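Source file: data-v5.txt. Holds: compact mmCIF, C-alpha atoms.
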```
# COMPACT_ATOMS: atom_id res chain seq x y z
CA MET A 1 -74.04 20.62 -20.93
CA LYS A 2 -71.62 20.41 -18.01
CA ALA A 3 -74.48 20.79 -15.49
CA GLU A 4 -76.33 17.89 -17.15
CA ARG A 5 -73.24 15.67 -16.99
CA THR A 6 -72.69 16.56 -13.34
CA ARG A 7 -76.33 15.76 -12.55
CA ARG A 8 -76.03 12.37 -14.32
CA GLU A 9 -72.83 11.52 -12.43
CA LYS A 10 -74.48 12.48 -9.15
CA LEU A 11 -77.48 10.26 -9.90
CA ARG A 12 -75.20 7.39 -10.94
CA THR A 13 -73.26 7.71 -7.67
CA GLN A 14 -76.42 7.81 -5.57
CA ASN A 15 -77.98 4.81 -7.30
CA SER A 16 -74.82 2.69 -7.31
CA THR A 17 -75.19 -0.54 -5.35
CA ILE A 18 -73.26 -3.77 -5.30
CA TYR A 19 -75.77 -5.19 -7.75
CA SER A 20 -75.04 -2.52 -10.38
CA HIS A 21 -71.33 -3.31 -10.53
CA THR A 22 -69.97 -4.90 -13.69
CA LEU A 23 -67.36 -7.64 -13.28
CA HIS A 24 -64.20 -7.06 -15.32
CA TYR A 25 -61.68 -9.37 -13.73
CA ARG A 26 -61.84 -12.17 -11.18
CA TYR A 27 -58.73 -13.57 -9.60
CA ARG A 28 -58.69 -16.89 -7.75
CA TRP A 29 -55.67 -18.84 -6.64
CA ASN A 30 -56.17 -22.28 -8.22
CA SER A 31 -54.85 -25.65 -7.09
CA SER A 32 -52.18 -25.68 -9.82
CA MET A 33 -50.84 -22.42 -8.47
CA ILE A 34 -50.86 -23.83 -4.92
CA LEU A 35 -48.84 -26.76 -6.28
CA ILE A 36 -46.29 -24.32 -7.74
CA GLN A 37 -46.05 -22.57 -4.37
CA SER A 38 -45.55 -25.94 -2.66
CA VAL A 39 -42.72 -26.78 -5.07
CA ILE A 40 -41.10 -23.40 -4.34
CA MET A 41 -41.38 -24.12 -0.59
CA PHE A 42 -39.85 -27.59 -1.06
CA VAL A 43 -36.95 -26.13 -3.06
CA PHE A 44 -36.55 -23.50 -0.37
CA PHE A 45 -36.39 -26.22 2.33
CA PHE A 46 -33.78 -28.08 0.30
CA LEU A 47 -31.63 -24.97 -0.19
CA ALA A 48 -31.93 -24.03 3.48
CA LYS A 49 -30.80 -27.50 4.54
CA LYS A 50 -27.90 -27.43 2.09
CA TYR A 51 -26.55 -23.91 2.48
CA LEU A 52 -27.67 -22.87 5.98
CA GLN A 53 -26.98 -26.26 7.62
CA THR A 54 -30.57 -26.32 8.89
CA THR A 55 -31.55 -29.52 10.68
CA ASN A 56 -34.73 -31.47 10.02
CA GLN A 57 -36.02 -30.34 13.41
CA ASN A 58 -35.58 -26.66 12.45
CA VAL A 59 -37.38 -27.24 9.15
CA ILE A 60 -40.33 -28.88 10.92
CA GLN A 61 -40.42 -26.15 13.57
CA SER A 62 -40.37 -23.51 10.86
CA LEU A 63 -43.78 -24.70 9.64
CA GLY A 64 -45.14 -22.87 12.69
CA TYR A 65 -44.18 -19.65 10.94
CA LEU A 66 -47.15 -20.15 8.65
CA ILE A 67 -49.45 -19.48 11.61
CA ILE A 68 -47.39 -16.45 12.60
CA LEU A 69 -47.63 -15.10 9.04
CA TRP A 70 -51.40 -15.67 9.00
CA LEU A 71 -51.73 -13.75 12.29
CA LEU A 72 -49.52 -10.96 10.92
CA GLN A 73 -51.81 -10.73 7.93
CA GLY A 74 -54.81 -10.38 10.21
CA ILE A 75 -53.11 -7.77 12.40
CA SER A 76 -51.97 -5.68 9.44
CA PHE A 77 -55.41 -5.94 7.82
CA PHE A 78 -57.10 -4.97 11.10
CA LEU A 79 -54.78 -1.97 11.52
CA TYR A 80 -55.51 -0.73 8.03
CA CYS A 81 -59.26 -1.17 8.49
CA PHE A 82 -59.13 0.55 11.87
CA VAL A 83 -57.22 3.56 10.53
CA SER A 84 -59.44 3.76 7.43
CA SER A 85 -62.70 3.27 9.41
CA LEU A 86 -63.58 0.18 7.39
CA SER A 87 -65.41 -2.81 8.80
CA MET A 88 -63.66 -6.14 8.36
CA ARG A 89 -64.80 -9.72 8.52
CA TRP A 90 -63.30 -13.17 8.42
CA HIS A 91 -64.68 -16.38 6.97
CA ILE A 92 -63.27 -19.84 7.50
CA ASP A 93 -64.23 -20.87 3.96
CA SER A 94 -61.44 -18.72 2.57
CA PHE A 95 -58.83 -19.68 5.14
CA LEU A 96 -56.79 -21.41 2.44
CA SER A 97 -56.92 -18.49 0.03
CA PRO A 98 -53.92 -16.15 -0.27
CA TRP A 99 -55.95 -13.56 1.62
CA GLY A 100 -56.45 -15.86 4.60
CA GLY A 101 -60.13 -15.07 4.88
CA TRP A 102 -59.51 -11.45 5.93
CA ARG A 103 -61.70 -9.08 3.95
CA THR A 104 -63.84 -5.99 4.17
CA LYS A 105 -67.61 -5.84 3.99
CA LEU A 106 -67.58 -3.05 1.42
CA PRO A 107 -65.71 -2.83 -1.90
CA LEU A 108 -62.36 -1.04 -1.86
CA SER A 109 -60.87 1.33 -4.36
CA ILE A 110 -57.84 0.02 -6.24
CA SER A 111 -55.49 2.32 -4.34
CA ASP A 112 -56.90 1.20 -0.96
CA TYR A 113 -56.53 -2.42 -1.99
CA GLN A 114 -52.94 -1.85 -3.09
CA GLN A 115 -52.13 -0.07 0.17
CA ILE A 116 -53.44 -3.02 2.19
CA GLU A 117 -51.41 -5.51 0.18
CA TRP A 118 -48.19 -3.48 0.24
CA MET A 119 -48.60 -2.91 3.97
CA PHE A 120 -48.94 -6.66 4.53
CA PHE A 121 -45.87 -7.36 2.38
CA PHE A 122 -43.64 -4.80 4.09
CA PHE A 123 -44.96 -5.69 7.56
CA GLY A 124 -44.15 -9.38 7.01
CA THR A 125 -40.74 -8.56 5.55
CA ALA A 126 -39.91 -6.39 8.57
CA VAL A 127 -40.95 -9.18 10.94
CA GLY A 128 -38.77 -11.61 8.99
CA LEU A 129 -35.80 -9.27 9.34
CA ILE A 130 -36.49 -8.84 13.06
CA ALA A 131 -36.70 -12.63 13.41
CA THR A 132 -33.31 -12.86 11.70
CA ALA A 133 -31.79 -10.53 14.28
CA TRP A 134 -33.67 -12.02 17.25
CA TRP A 135 -33.79 -15.79 16.58
CA GLY A 136 -30.85 -16.22 14.22
CA LEU A 137 -30.12 -16.41 10.53
CA GLN A 138 -31.73 -19.80 9.91
CA HIS A 139 -35.10 -18.90 11.41
CA GLY A 140 -35.17 -15.44 9.85
CA ILE A 141 -34.32 -16.68 6.36
CA LEU A 142 -36.94 -19.43 6.60
CA MET A 143 -39.57 -16.92 7.74
CA LEU A 144 -38.65 -14.47 4.96
CA GLY A 145 -38.75 -17.28 2.41
CA PHE A 146 -42.21 -18.37 3.58
CA HIS A 147 -43.46 -14.81 3.56
CA ILE A 148 -42.22 -14.04 0.07
CA THR A 149 -43.49 -17.36 -1.31
CA LEU A 150 -46.92 -16.88 0.25
CA SER A 151 -47.02 -13.27 -1.00
CA ILE A 152 -46.67 -14.22 -4.67
CA PRO A 153 -50.44 -14.29 -5.40
CA ARG A 154 -51.02 -11.06 -3.50
CA LEU A 155 -48.24 -9.20 -5.30
CA PHE A 156 -49.40 -10.64 -8.62
CA THR A 157 -52.90 -9.19 -8.13
CA VAL A 158 -51.52 -5.81 -7.01
CA LEU A 159 -49.50 -5.56 -10.20
CA ARG A 160 -52.35 -6.97 -12.30
CA VAL A 161 -54.91 -4.35 -11.20
CA GLN A 162 -52.44 -1.51 -11.73
CA LYS A 163 -53.41 -1.26 -15.41
CA TRP A 164 -57.06 -0.71 -14.42
CA LYS A 165 -56.05 2.12 -12.09
CA LYS A 166 -54.82 4.20 -15.03
CA LYS A 167 -58.22 4.23 -16.75
CA ASN A 168 -60.65 7.07 -16.06
CA GLU A 169 -63.45 4.84 -14.78
CA ASP A 170 -64.43 4.02 -11.22
CA TYR A 171 -63.19 0.54 -10.38
CA VAL A 172 -63.53 -1.21 -7.05
CA ILE A 173 -62.07 -4.40 -5.60
CA LYS A 174 -64.44 -6.73 -3.81
CA HIS A 175 -63.17 -9.62 -1.70
CA GLU A 176 -64.95 -12.81 -2.68
CA ARG A 177 -64.69 -16.41 -1.59
CA GLN A 178 -61.23 -17.70 -2.43
CA GLY A 179 -60.32 -14.54 -4.37
CA ILE A 180 -61.06 -11.00 -5.42
CA GLY A 181 -63.13 -9.38 -8.14
CA LEU A 182 -62.57 -6.13 -10.03
CA TYR A 183 -65.82 -4.31 -10.71
CA SER A 184 -66.70 -1.03 -12.39
CA THR A 185 -69.37 1.19 -10.91
CA THR A 186 -70.24 2.84 -14.20
CA GLY A 187 -72.78 0.16 -14.98
```

Final structure tokens representation of the file:
Amino acid sequence: MKAERTRREKLRTQNSTIYSHTLHYRYRWNSSMILIQSVIMFVFFFLAKKYLQTTNQNVIQSLGYLIILWLLQGISFFLYCFVSSLSMRWHIDSFLSPWGGWRTKLPLSISDYQQIEWMFFFFGTAVGLIATAWWGLQHGILMLGFHITLSIPRLFTVLRVQKWKKKNEDYVIKHERQGIGLYSTTG
């Protein structure tokens, strides 16, 4: 009985392709959620101007941090893919997604996906703290605020897929246009 089950699992693994995956959950960051993030950023600008005595010029200059955060995302994603021997790709069509267009060609396990996202979050937080020490409190706080606000959808998905990790099935995360999909390989 056990030999038969092992043989079936081996055949299922060999015959598993992207087309035999079953979609369980798809996460896309919608325009209403982008609006909520924009409101959080606006409130953050207001609080920074009020409590940190940030000038309008500093607020406008701080918008350049968005490019720095996007580059940090790409660097951290590249480092993870390099260490894990994964091939990565980038598409301009998903530049405005929370994942910035950085994705792998192959599906990832849930734990690999969570490692990538946590690495990005901690890497960006560390850079924000270094910016605080190097450029001053105003610039560091603005960069940390941007990073945390832009990380909301990523952290939400990491916590959301945690419940699927506890089940005894094989689930994979596949980067899609403007989002991610959770698939099972059990057919």

Contacts of Tyr171 of chain A at 12 Å or less, counting all atoms listed in the file, minus same-chain residues fewer than 3 places along, as a ChimeraX atom specification? /A:21-25,107-113,161-168,174,181-187

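Counting all atoms listed in the file, the residue from A:Leu69, A:Leu79, A:Val59, A:Leu47 that sits nearest to Ile148 of chain A is A:Leu69.
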
| Do you know which residues are at most 10 Å from segment 128-135 of chain A counting only C-alpha atoms, after dropping those on the same chain fewer than 4 positions away, and could you put them as a PyMOL selection string? | chain A and resi 65+69+122-124+139-148

Using all atoms listed in the file, the shortest atom-to-atom distance to Phe121 of chain A among A:Ser84, A:Gln138, A:Gln73, A:Thr104 belongs to A:Gln73

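With only C-alpha atoms as the atoms that count, the minimum distance from Cys81 of chain A to the choices A:Ser38, A:Asn30, A:Gln115, A:Gln61 is reached by A:Gln115.
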
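Our summary of the geometry notes that atom CA of Phe77 of chain A is positioned 14.0 Å from atom CA of His91 of chain A.
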
Counting all atoms listed in the file, figure out which residue out of A:Ile36, A:Ala48, A:Leu150, A:Leu155 gets nearest to Ile116 of chain A.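 Result for the nearest residue to Ile116 of chain A: A:Leu155.
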
Report task. For atom CA of Asn58 of chain A and atom CA of Pro98 of chain A, quote the distance in Å rounded to one decimal. Result ->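 Atom CA of Pro98 of chain A lies at a distance of 24.7 Å from atom CA of Asn58 of chain A.
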
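When atom CA of Leu71 of chain A is paired with atom CA of Ile152 of chain A, their separation reads 17.7 Å.
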
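When all atoms listed in the file are used to compute distances to Lys105 of chain A, the closest of the residues A:His175, A:Arg154, A:Lys50, A:Arg160 turns out to be A:His175.
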
- For Leu66 of chain A, the nearest of the candidates A:Met119, A:Val172, A:Leu35, A:Met41, counting only C-alpha atoms: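 Among the listed residues, A:Met41 lies closest to Leu66 of chain A.
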